[in-house]
$ cat query_19.cif   # mmCIF, C-alpha atoms
data_upload
#
loop_
_atom_site.label_atom_id
_atom_site.label_comp_id
_atom_site.auth_asym_id
_atom_site.auth_seq_id
_atom_site.Cartn_x
_atom_site.Cartn_y
_atom_site.Cartn_z
CA MET A 8 32.37 -13.27 -72.80
CA ILE A 9 36.04 -13.37 -73.80
CA MET A 10 38.37 -14.99 -71.30
CA ASN A 11 42.07 -14.31 -70.87
CA GLN A 12 43.24 -17.88 -70.25
CA HIS A 13 45.17 -18.05 -73.52
CA ALA A 14 46.72 -14.59 -73.31
CA HIS A 15 50.48 -14.30 -73.56
CA ARG A 16 51.89 -13.43 -70.19
CA ASN A 17 55.12 -11.74 -69.28
CA GLN A 18 57.12 -14.12 -67.08
CA SER A 19 58.58 -11.35 -64.92
CA ALA A 20 55.43 -9.32 -64.22
CA SER A 21 51.67 -9.58 -64.28
CA PRO A 22 49.92 -8.24 -67.38
CA PRO A 23 48.87 -4.60 -66.90
CA LEU A 24 45.13 -5.40 -66.87
CA ALA A 25 45.29 -8.70 -64.97
CA ARG A 26 43.03 -7.40 -62.20
CA CYS A 27 40.46 -5.84 -64.53
CA LEU A 28 36.99 -6.70 -65.75
CA VAL A 29 36.34 -4.54 -68.82
CA ALA A 30 32.92 -3.98 -70.37
CA VAL A 31 33.22 -3.02 -74.04
CA THR A 32 30.01 -1.30 -75.13
CA ARG A 33 30.87 -0.73 -78.80
CA PRO A 34 28.44 -2.03 -81.45
CA ALA A 35 28.83 -5.65 -82.52
CA GLY A 36 31.76 -6.10 -84.91
CA ARG A 37 33.51 -2.91 -83.79
CA ALA A 38 34.51 -4.45 -80.46
CA ASP A 39 36.61 -7.36 -81.71
CA ALA A 40 40.02 -5.75 -82.24
CA ILE A 41 40.11 -3.87 -78.94
CA ALA A 42 38.68 -6.87 -77.06
CA GLU A 43 41.55 -9.02 -78.32
CA LEU A 44 44.14 -6.48 -77.17
CA LEU A 45 42.50 -6.15 -73.76
CA VAL A 46 42.56 -9.93 -73.34
CA GLU A 47 46.23 -10.05 -74.31
CA ALA A 48 46.85 -7.40 -71.65
CA GLY A 49 45.32 -9.73 -69.05
CA ALA A 50 41.78 -8.39 -68.75
CA ARG A 51 38.59 -10.37 -68.60
CA VAL A 52 36.34 -8.79 -71.23
CA LEU A 53 32.57 -8.57 -71.38
CA VAL A 54 31.26 -7.43 -74.78
CA VAL A 55 27.94 -5.65 -74.16
CA PRO A 56 27.00 -3.32 -77.04
CA ALA A 57 24.94 -0.54 -75.47
CA ILE A 58 23.37 0.36 -78.80
CA GLU A 59 22.29 -1.38 -81.97
CA LEU A 60 22.34 0.21 -85.41
CA GLU A 61 19.03 0.31 -87.25
CA SER A 62 19.06 0.84 -91.02
CA LEU A 63 17.24 3.89 -92.40
CA ILE A 64 17.94 3.13 -96.05
CA ASP A 65 14.83 2.79 -98.21
CA PRO A 66 14.67 -0.86 -99.38
CA ARG A 67 14.54 0.44 -102.95
CA GLY A 68 17.28 2.98 -102.31
CA ARG A 69 15.56 5.80 -104.17
CA GLU A 70 16.72 8.66 -101.96
CA PHE A 71 20.22 7.22 -101.79
CA GLU A 72 20.28 6.84 -105.58
CA ARG A 73 19.22 10.47 -106.13
CA GLU A 74 21.99 11.72 -103.86
CA LEU A 75 24.60 9.57 -105.58
CA GLU A 76 23.44 10.73 -109.02
CA LEU A 77 24.07 14.33 -107.97
CA LEU A 78 27.56 13.46 -106.78
CA HIS A 79 28.23 11.39 -109.91
CA VAL A 80 27.31 14.22 -112.27
CA SER A 81 29.22 16.90 -110.38
CA GLN A 82 32.13 14.72 -109.20
CA GLY A 83 31.32 15.60 -105.61
CA TRP A 84 32.46 14.09 -102.34
CA LEU A 85 30.82 11.28 -100.40
CA ILE A 86 31.91 11.31 -96.76
CA LEU A 87 31.28 8.12 -94.81
CA PRO A 88 32.45 9.24 -91.37
CA SER A 89 32.64 5.91 -89.53
CA PRO A 90 33.22 2.20 -90.21
CA SER A 91 29.52 1.65 -89.51
CA ALA A 92 28.62 4.21 -92.21
CA VAL A 93 30.92 2.40 -94.63
CA GLU A 94 29.30 -0.95 -93.85
CA PHE A 95 25.77 0.36 -94.41
CA PHE A 96 26.89 2.02 -97.65
CA LEU A 97 28.55 -1.15 -98.97
CA SER A 98 25.54 -3.25 -98.01
CA ALA A 99 23.26 -0.89 -99.94
CA THR A 100 25.41 -0.90 -103.07
CA VAL A 101 25.29 -4.70 -103.17
CA ARG A 102 21.62 -5.06 -102.24
CA ILE A 103 20.07 -2.28 -104.34
CA SER A 104 20.48 -2.60 -108.11
CA GLY A 105 21.79 0.46 -109.89
CA LEU A 106 23.75 2.00 -107.02
CA HIS A 107 27.13 0.50 -107.86
CA GLY A 108 27.11 2.02 -111.34
CA LEU A 109 26.98 5.52 -109.85
CA MET A 110 30.35 5.22 -108.12
CA ALA A 111 32.46 6.47 -111.05
CA GLY A 112 33.50 10.06 -110.51
CA ILE A 113 32.47 10.20 -106.87
CA ARG A 114 35.25 11.07 -104.45
CA PHE A 115 35.32 9.23 -101.14
CA ALA A 116 36.47 10.33 -97.70
CA THR A 117 36.27 8.92 -94.20
CA ILE A 118 37.66 9.88 -90.82
CA GLY A 119 39.66 6.85 -89.64
CA ARG A 120 41.77 4.03 -91.03
CA ALA A 121 39.23 1.33 -90.17
CA GLY A 122 36.66 2.85 -92.52
CA ALA A 123 39.28 3.41 -95.22
CA GLU A 124 40.39 -0.21 -95.04
CA LEU A 125 36.80 -1.41 -95.51
CA LEU A 126 36.47 0.76 -98.62
CA HIS A 127 39.81 -0.43 -99.97
CA GLU A 128 38.78 -4.05 -99.48
CA ALA A 129 35.58 -3.34 -101.43
CA GLY A 130 37.59 -1.99 -104.37
CA PHE A 131 37.47 1.75 -103.66
CA LYS A 132 41.19 2.50 -103.80
CA HIS A 133 41.20 6.30 -103.62
CA VAL A 134 39.87 7.35 -100.23
CA PHE A 135 40.82 10.63 -98.57
CA LEU A 136 41.91 10.39 -94.94
CA PRO A 137 42.56 13.48 -92.79
CA PRO A 138 45.83 13.90 -90.86
CA HIS A 139 44.03 13.17 -87.59
CA PRO A 140 41.03 10.83 -87.09
CA LEU A 141 38.69 13.66 -86.10
CA GLY A 142 35.76 15.36 -87.81
CA GLU A 143 37.44 18.74 -87.38
CA SER A 144 40.55 17.50 -89.18
CA LEU A 145 38.54 16.14 -92.11
CA ALA A 146 36.55 19.38 -92.36
CA ALA A 147 39.74 21.44 -92.47
CA LYS A 148 41.71 19.29 -94.92
CA LEU A 149 39.14 17.81 -97.31
CA PRO A 150 40.28 18.97 -100.80
CA ALA A 151 36.85 20.22 -101.82
CA VAL A 152 36.06 23.67 -103.15
CA ALA A 153 33.12 26.00 -102.63
CA GLY A 154 30.21 24.97 -104.81
CA GLN A 155 31.30 21.35 -105.01
CA PRO A 156 28.60 19.14 -103.45
CA VAL A 157 29.51 17.15 -100.36
CA LEU A 158 27.25 14.45 -98.95
CA VAL A 159 27.82 13.21 -95.40
CA ALA A 160 26.15 9.80 -95.16
CA GLY A 161 26.08 8.21 -91.73
CA SER A 162 24.26 8.25 -88.44
CA ALA A 163 20.97 10.08 -87.95
CA ILE A 164 22.58 11.47 -84.80
CA SER A 165 25.52 13.18 -86.45
CA ARG A 166 28.23 15.19 -84.77
CA GLU A 167 28.30 18.88 -85.61
CA GLU A 168 32.05 19.39 -86.00
CA LEU A 169 32.33 17.97 -89.52
CA GLY A 170 29.41 19.79 -91.12
CA ALA A 171 30.10 23.04 -89.30
CA GLY A 172 33.75 22.99 -90.36
CA LEU A 173 32.88 22.40 -94.01
CA ARG A 174 30.20 25.10 -94.05
CA ALA A 175 32.70 27.52 -92.53
CA ARG A 176 34.80 26.99 -95.68
CA GLY A 177 31.83 27.86 -97.90
CA ILE A 178 31.18 24.26 -98.88
CA ALA A 179 27.55 23.20 -99.30
CA VAL A 180 26.91 20.09 -97.21
CA ARG A 181 24.00 17.67 -97.34
CA HIS A 182 23.34 14.91 -94.84
CA LEU A 183 21.81 11.52 -95.52
CA SER A 184 20.94 9.23 -92.62
CA LEU A 185 21.93 5.63 -93.31
CA TYR A 186 21.22 4.33 -89.82
CA ARG A 187 20.31 5.35 -86.32
CA PRO A 188 21.54 4.06 -82.96
CA VAL A 189 18.94 2.52 -80.68
CA PRO A 190 19.48 1.17 -77.14
CA SER A 191 20.11 -2.56 -76.72
CA PRO A 192 17.96 -3.46 -73.67
CA ALA A 193 19.39 -6.94 -73.08
CA ASN A 194 23.00 -5.75 -73.13
CA LEU A 195 22.21 -2.76 -70.91
CA VAL A 196 20.75 -5.17 -68.33
CA ARG A 197 23.99 -7.21 -68.49
CA LEU A 198 26.03 -4.05 -67.97
CA ALA A 199 23.85 -2.96 -65.05
CA ASP A 200 24.22 -6.42 -63.47
CA MET A 201 28.00 -6.20 -63.82
CA LEU A 202 28.16 -2.82 -62.11
CA ALA A 203 25.80 -3.83 -59.30
CA ALA A 204 27.45 -7.19 -58.57
CA PRO A 205 29.74 -7.63 -55.54
CA ILE A 206 33.41 -7.04 -56.26
CA ASP A 207 35.31 -10.16 -57.31
CA PRO A 208 38.61 -10.06 -55.36
CA ARG A 209 40.37 -11.59 -58.37
CA LEU A 210 39.07 -8.76 -60.60
CA PRO A 211 38.66 -5.77 -58.28
CA LEU A 212 39.00 -3.16 -61.02
CA ARG A 213 36.09 -2.51 -63.37
CA LEU A 214 36.30 -0.47 -66.55
CA VAL A 215 33.56 0.51 -69.00
CA LEU A 216 34.54 1.47 -72.54
CA VAL A 217 32.14 3.79 -74.41
CA SER A 218 32.66 4.88 -78.01
CA SER A 219 29.86 7.34 -78.75
CA PRO A 220 27.56 9.89 -77.10
CA SER A 221 24.66 7.63 -78.09
CA ALA A 222 26.13 4.81 -76.02
CA VAL A 223 26.60 7.15 -73.05
CA ASP A 224 22.99 8.30 -73.31
CA ALA A 225 21.70 4.73 -73.53
CA ILE A 226 23.67 3.74 -70.44
CA ALA A 227 22.47 6.82 -68.55
CA GLU A 228 18.84 5.93 -69.23
CA ALA A 229 19.31 2.33 -68.08
CA ILE A 230 21.61 2.85 -65.09
CA GLU A 231 20.43 5.65 -62.86
CA PRO A 232 21.77 5.19 -59.32
CA PRO A 233 25.04 7.12 -58.91
CA GLN A 234 26.59 4.31 -56.91
CA ASP A 235 26.49 2.01 -59.95
CA TRP A 236 28.30 4.61 -62.07
CA LEU A 237 30.89 4.90 -59.32
CA ALA A 238 31.51 1.14 -59.40
CA ALA A 239 33.77 1.48 -62.44
CA GLY A 240 36.25 3.67 -64.24
CA TRP A 241 34.96 5.02 -67.55
CA LEU A 242 36.95 5.14 -70.76
CA ALA A 243 35.71 7.33 -73.64
CA ILE A 244 36.83 7.19 -77.27
CA GLY A 245 37.14 10.71 -78.62
CA PRO A 246 36.49 14.19 -77.24
CA THR A 247 32.76 14.29 -78.06
CA THR A 248 32.09 11.09 -76.13
CA MET A 249 34.28 12.30 -73.28
CA ASP A 250 32.36 15.57 -73.08
CA ARG A 251 29.03 13.74 -72.86
CA LEU A 252 30.44 11.38 -70.25
CA ARG A 253 31.74 14.23 -68.09
CA ARG A 254 28.30 15.85 -68.10
CA LEU A 255 26.63 12.71 -66.78
CA LEU A 256 29.18 11.09 -64.50
CA PRO A 257 28.61 11.80 -60.81
CA PRO A 258 31.67 12.93 -58.86
CA PRO A 259 34.09 11.47 -57.91
CA ALA A 260 33.88 8.93 -60.74
CA LEU A 261 37.10 8.40 -62.67
CA ALA A 262 37.13 8.84 -66.44
CA ALA A 263 39.77 8.88 -69.15
CA GLU A 264 39.86 9.59 -72.88
CA ALA A 265 41.61 7.57 -75.58
CA ALA A 266 43.62 9.92 -77.76
CA ASN A 267 42.24 8.34 -80.95
CA PRO A 268 40.10 5.34 -81.94
CA ALA A 269 43.05 3.06 -82.76
CA PRO A 270 43.07 -0.12 -80.61
CA ASP A 271 46.59 0.61 -79.33
CA ALA A 272 45.54 4.08 -78.12
CA ILE A 273 42.47 2.62 -76.40
CA LEU A 274 44.60 -0.01 -74.68
CA GLU A 275 47.09 2.60 -73.47
CA ALA A 276 44.28 4.70 -72.00
CA ALA A 277 42.77 1.60 -70.34
CA VAL A 278 46.08 0.76 -68.66
CA GLN A 279 46.45 4.32 -67.37
CA LEU A 280 42.88 4.32 -66.06
CA ALA A 281 43.44 0.99 -64.30
CA GLU A 282 46.52 2.43 -62.61
CA ARG A 283 44.46 5.36 -61.34
CA LEU A 284 41.74 3.05 -60.02
CA SER A 285 44.24 0.92 -58.13
CA ARG A 286 45.69 3.83 -56.15
#

$ encode --input "query_19.cif" --output "structure tokens"
Amino acid sequence: MIMNQHAHRNQSASPPLARCLVAVTRPAGRADAIAELLVEAGARVLVVPAIELESLIDPRGREFERELELLHVSQGWLILPSPSAVEFFLSATVRISGLHGLMAGIRFATIGRAGAELLHEAGFKHVFLPPHPLGESLAAKLPAVAGQPVLVAGSAISREELGAGLRARGIAVRHLSLYRPVPSPANLVRLADMLAAPIDPRLPLRLVLVSSPSAVDAIAEAIEPPQDWLAAGWLAIGPTTMDRLRRLLPPPALAAEAANPAPDAILEAAVQLAERLSR
């Protein structure tokens, strides 16, 4: 649990999230930056990843190697949609001999700056980023041509917008599953306990941050009673997660969507949601 006792406080007013307990359900490692901002804004933060990411990469990397060979020969595109996809890819290239040598000639793309920064740090300097951190934006702006192979390597539960948008341009798309999300039972119990606990008068506002449809589904399976869902305001990252959340949230639960996955945008949405809860 991250406490806010060292947060910088404005001398003339309380921090905007001073009365909030925020559960961040992002996978481990992805929660750190936003958790720090939430703490600085006065919140008490509970990091409870609703899902864990299980590798699907063959220990010998044979399927991965075949796909990379195709891209290497034809100078195709490798799309790693998320930071998690980038991390699994980089881990495989280090762990499995022969993969790193196939990188020459392959063109890289990802959706958001976090993934691009990971690739840059690993030595991949030329990474295409779309104008907006959305699958639809990458599908529309990726500088690929019909007939050029494109491999989307990421979650086994992939979103349709990216592949559908590329296929609509006549681009042949293949998908390779690097990992799959699985529920994290222990963290889901912690989240359920938080929602069912009596209200702390010092922290009367509860927020739950969800970053993927998989996380929403895992929470829905673990927390059934509508009253527990109503015990918090819900903050979704991205339109796909928001759509899944809207389908499952019982009325009159409050929900909000962060405009993009950047920590500053998530913080702004959290502050607005807290204001709505306090009315």

$ resolve_selection --input "query_19.cif" --expression "the PyMOL selection byres ((chain A and resi 121-135) around 9)" --output "JSON, numbers by chain"
{"A": [87, 88, 89, 90, 91, 92, 93, 94, 97, 114, 115, 116, 117, 118, 119, 120, 136, 137, 145, 149, 150, 269]}

$ atom_distance --input "query_19.cif" --atom1 "CA of Leu242 (chain A)" --atom2 "CA of Glu143 (chain A)"
21.5 Å

$ closest_residue --input "query_19.cif" --among "A:Ile103, A:Ala57, A:Ile41, A:Val46" --to "Ala222 (chain A)" --atoms "only C-alpha atoms"
A:Ala57

$ resolve_selection --input "query_19.cif" --expression "the PyMOL selection byres ((chain A and resi 59-63) around 6)" --output "number ranges by chain"
A: 58, 64, 185-189, 191

$ residues_around --input "query_19.cif" --residues "Met201 (chain A)" --least-positions-apart "5" --cutoff "10 Å" --atoms "only C-alpha atoms" --output "ChimeraX atom specification"
/A:28-30,53,195-196,206,213,235,238-239

$ residues_around --input "query_19.cif" --residues "His182 (chain A)" --least-positions-apart "2" --cutoff "7 Å" --atoms "all atoms listed in the file" --output "ChimeraX atom specification"
/A:158-160,180,184

$ atom_distance --input "query_19.cif" --atom1 "CA of Val55 (chain A)" --atom2 "CA of Val31 (chain A)"
5.9 Å

$ resolve_selection --input "query_19.cif" --expression "the PyMOL selection byres ((chain A and resi 255) around 10)" --output "ChimeraX atom specification"
/A:223-224,227,233,236,250-254,256-258

$ closest_residue --input "query_19.cif" --among "A:Val80, A:Leu109, A:Leu261, A:Ile226" --to "Pro190 (chain A)" --atoms "only C-alpha atoms"
A:Ile226

$ atom_distance --input "query_19.cif" --atom1 "CA of His79 (chain A)" --atom2 "CA of Ala111 (chain A)"
6.6 Å

$ closest_residue --input "query_19.cif" --among "A:Pro259, A:Gly49, A:Pro192, A:Gly68" --to "Arg102 (chain A)" --atoms "only C-alpha atoms"
A:Gly68

$ closest_residue --input "query_19.cif" --among "A:Pro140, A:Glu275, A:Arg67, A:Leu75" --to "Met110 (chain A)" --atoms "all atoms listed in the file"
A:Leu75

$ closest_residue --input "query_19.cif" --among "A:Arg33, A:Gly170, A:Asp207, A:Val52" --to "Ala225 (chain A)" --atoms "only C-alpha atoms"
A:Arg33

$ closest_residue --input "query_19.cif" --among "A:Leu216, A:Ala25, A:Phe95, A:Gly240" --to "Ile273 (chain A)" --atoms "only C-alpha atoms"
A:Leu216

$ build_atoms --input "query_19.cif" --residues "region 183-202 of chain A" --atoms "N, CA, C and O atoms" --output "PDB file, keeping the file's coordinate frame"
ATOM      1  N   LEU A 183      22.721  12.632 -95.260  1.00  0.00           N
ATOM      2  CA  LEU A 183      21.810  11.520 -95.520  1.00  0.00           C
ATOM      3  C   LEU A 183      21.975  10.501 -94.398  1.00  0.00           C
ATOM      4  O   LEU A 183      23.090  10.019 -94.142  1.00  0.00           O
ATOM      5  N   SER A 184      20.892  10.183 -93.728  1.00  0.00           N
ATOM      6  CA  SER A 184      20.940   9.230 -92.620  1.00  0.00           C
ATOM      7  C   SER A 184      20.865   7.802 -93.160  1.00  0.00           C
ATOM      8  O   SER A 184      19.879   7.419 -93.800  1.00  0.00           O
ATOM      9  N   LEU A 185      21.908   7.037 -92.909  1.00  0.00           N
ATOM     10  CA  LEU A 185      21.930   5.630 -93.310  1.00  0.00           C
ATOM     11  C   LEU A 185      21.430   4.718 -92.196  1.00  0.00           C
ATOM     12  O   LEU A 185      20.919   3.628 -92.463  1.00  0.00           O
ATOM     13  N   TYR A 186      21.609   5.155 -90.955  1.00  0.00           N
ATOM     14  CA  TYR A 186      21.220   4.330 -89.820  1.00  0.00           C
ATOM     15  C   TYR A 186      21.017   5.215 -88.595  1.00  0.00           C
ATOM     16  O   TYR A 186      21.375   6.399 -88.604  1.00  0.00           O
ATOM     17  N   ARG A 187      20.433   4.639 -87.573  1.00  0.00           N
ATOM     18  CA  ARG A 187      20.310   5.350 -86.320  1.00  0.00           C
ATOM     19  C   ARG A 187      20.637   4.391 -85.168  1.00  0.00           C
ATOM     20  O   ARG A 187      20.321   3.195 -85.238  1.00  0.00           O
ATOM     21  N   PRO A 188      21.262   4.906 -84.125  1.00  0.00           N
ATOM     22  CA  PRO A 188      21.540   4.060 -82.960  1.00  0.00           C
ATOM     23  C   PRO A 188      20.312   3.949 -82.073  1.00  0.00           C
ATOM     24  O   PRO A 188      19.620   4.939 -81.823  1.00  0.00           O
ATOM     25  N   VAL A 189      20.043   2.748 -81.616  1.00  0.00           N
ATOM     26  CA  VAL A 189      18.940   2.520 -80.680  1.00  0.00           C
ATOM     27  C   VAL A 189      19.482   1.700 -79.519  1.00  0.00           C
ATOM     28  O   VAL A 189      20.385   0.879 -79.689  1.00  0.00           O
ATOM     29  N   PRO A 190      18.973   1.916 -78.306  1.00  0.00           N
ATOM     30  CA  PRO A 190      19.480   1.170 -77.140  1.00  0.00           C
ATOM     31  C   PRO A 190      19.277  -0.341 -77.316  1.00  0.00           C
ATOM     32  O   PRO A 190      18.328  -0.794 -77.961  1.00  0.00           O
ATOM     33  N   SER A 191      20.197  -1.103 -76.727  1.00  0.00           N
ATOM     34  CA  SER A 191      20.110  -2.560 -76.720  1.00  0.00           C
ATOM     35  C   SER A 191      19.710  -3.003 -75.313  1.00  0.00           C
ATOM     36  O   SER A 191      20.576  -3.150 -74.441  1.00  0.00           O
ATOM     37  N   PRO A 192      18.421  -3.200 -75.043  1.00  0.00           N
ATOM     38  CA  PRO A 192      17.960  -3.460 -73.670  1.00  0.00           C
ATOM     39  C   PRO A 192      18.654  -4.644 -72.995  1.00  0.00           C
ATOM     40  O   PRO A 192      19.051  -4.549 -71.829  1.00  0.00           O
ATOM     41  N   ALA A 193      18.809  -5.754 -73.705  1.00  0.00           N
ATOM     42  CA  ALA A 193      19.390  -6.940 -73.080  1.00  0.00           C
ATOM     43  C   ALA A 193      20.835  -6.682 -72.644  1.00  0.00           C
ATOM     44  O   ALA A 193      21.252  -7.075 -71.545  1.00  0.00           O
ATOM     45  N   ASN A 194      21.607  -6.015 -73.481  1.00  0.00           N
ATOM     46  CA  ASN A 194      23.000  -5.750 -73.130  1.00  0.00           C
ATOM     47  C   ASN A 194      23.113  -4.710 -72.018  1.00  0.00           C
ATOM     48  O   ASN A 194      24.024  -4.776 -71.185  1.00  0.00           O
ATOM     49  N   LEU A 195      22.202  -3.754 -71.990  1.00  0.00           N
ATOM     50  CA  LEU A 195      22.210  -2.760 -70.910  1.00  0.00           C
ATOM     51  C   LEU A 195      21.885  -3.412 -69.569  1.00  0.00           C
ATOM     52  O   LEU A 195      22.438  -3.019 -68.533  1.00  0.00           O
ATOM     53  N   VAL A 196      21.023  -4.421 -69.568  1.00  0.00           N
ATOM     54  CA  VAL A 196      20.750  -5.170 -68.330  1.00  0.00           C
ATOM     55  C   VAL A 196      22.016  -5.914 -67.891  1.00  0.00           C
ATOM     56  O   VAL A 196      22.353  -5.928 -66.694  1.00  0.00           O
ATOM     57  N   ARG A 197      22.731  -6.511 -68.836  1.00  0.00           N
ATOM     58  CA  ARG A 197      23.990  -7.210 -68.490  1.00  0.00           C
ATOM     59  C   ARG A 197      25.008  -6.243 -67.920  1.00  0.00           C
ATOM     60  O   ARG A 197      25.719  -6.571 -66.959  1.00  0.00           O
ATOM     61  N   LEU A 198      25.097  -5.046 -68.486  1.00  0.00           N
ATOM     62  CA  LEU A 198      26.030  -4.050 -67.970  1.00  0.00           C
ATOM     63  C   LEU A 198      25.618  -3.608 -66.569  1.00  0.00           C
ATOM     64  O   LEU A 198      26.466  -3.489 -65.671  1.00  0.00           O
ATOM     65  N   ALA A 199      24.331  -3.366 -66.377  1.00  0.00           N
ATOM     66  CA  ALA A 199      23.850  -2.960 -65.050  1.00  0.00           C
ATOM     67  C   ALA A 199      24.133  -4.044 -64.017  1.00  0.00           C
ATOM     68  O   ALA A 199      24.539  -3.749 -62.883  1.00  0.00           O
ATOM     69  N   ASP A 200      23.936  -5.310 -64.390  1.00  0.00           N
ATOM     70  CA  ASP A 200      24.220  -6.420 -63.470  1.00  0.00           C
ATOM     71  C   ASP A 200      25.698  -6.463 -63.105  1.00  0.00           C
ATOM     72  O   ASP A 200      26.067  -6.725 -61.954  1.00  0.00           O
ATOM     73  N   MET A 201      26.556  -6.210 -64.083  1.00  0.00           N
ATOM     74  CA  MET A 201      28.000  -6.200 -63.820  1.00  0.00           C
ATOM     75  C   MET A 201      28.366  -5.118 -62.811  1.00  0.00           C
ATOM     76  O   MET A 201      29.129  -5.346 -61.868  1.00  0.00           O
ATOM     77  N   LEU A 202      27.812  -3.930 -62.998  1.00  0.00           N
ATOM     78  CA  LEU A 202      28.160  -2.820 -62.110  1.00  0.00           C
ATOM     79  C   LEU A 202      27.579  -2.994 -60.713  1.00  0.00           C
ATOM     80  O   LEU A 202      28.166  -2.511 -59.734  1.00  0.00           O
TER      81      LEU A 202
END
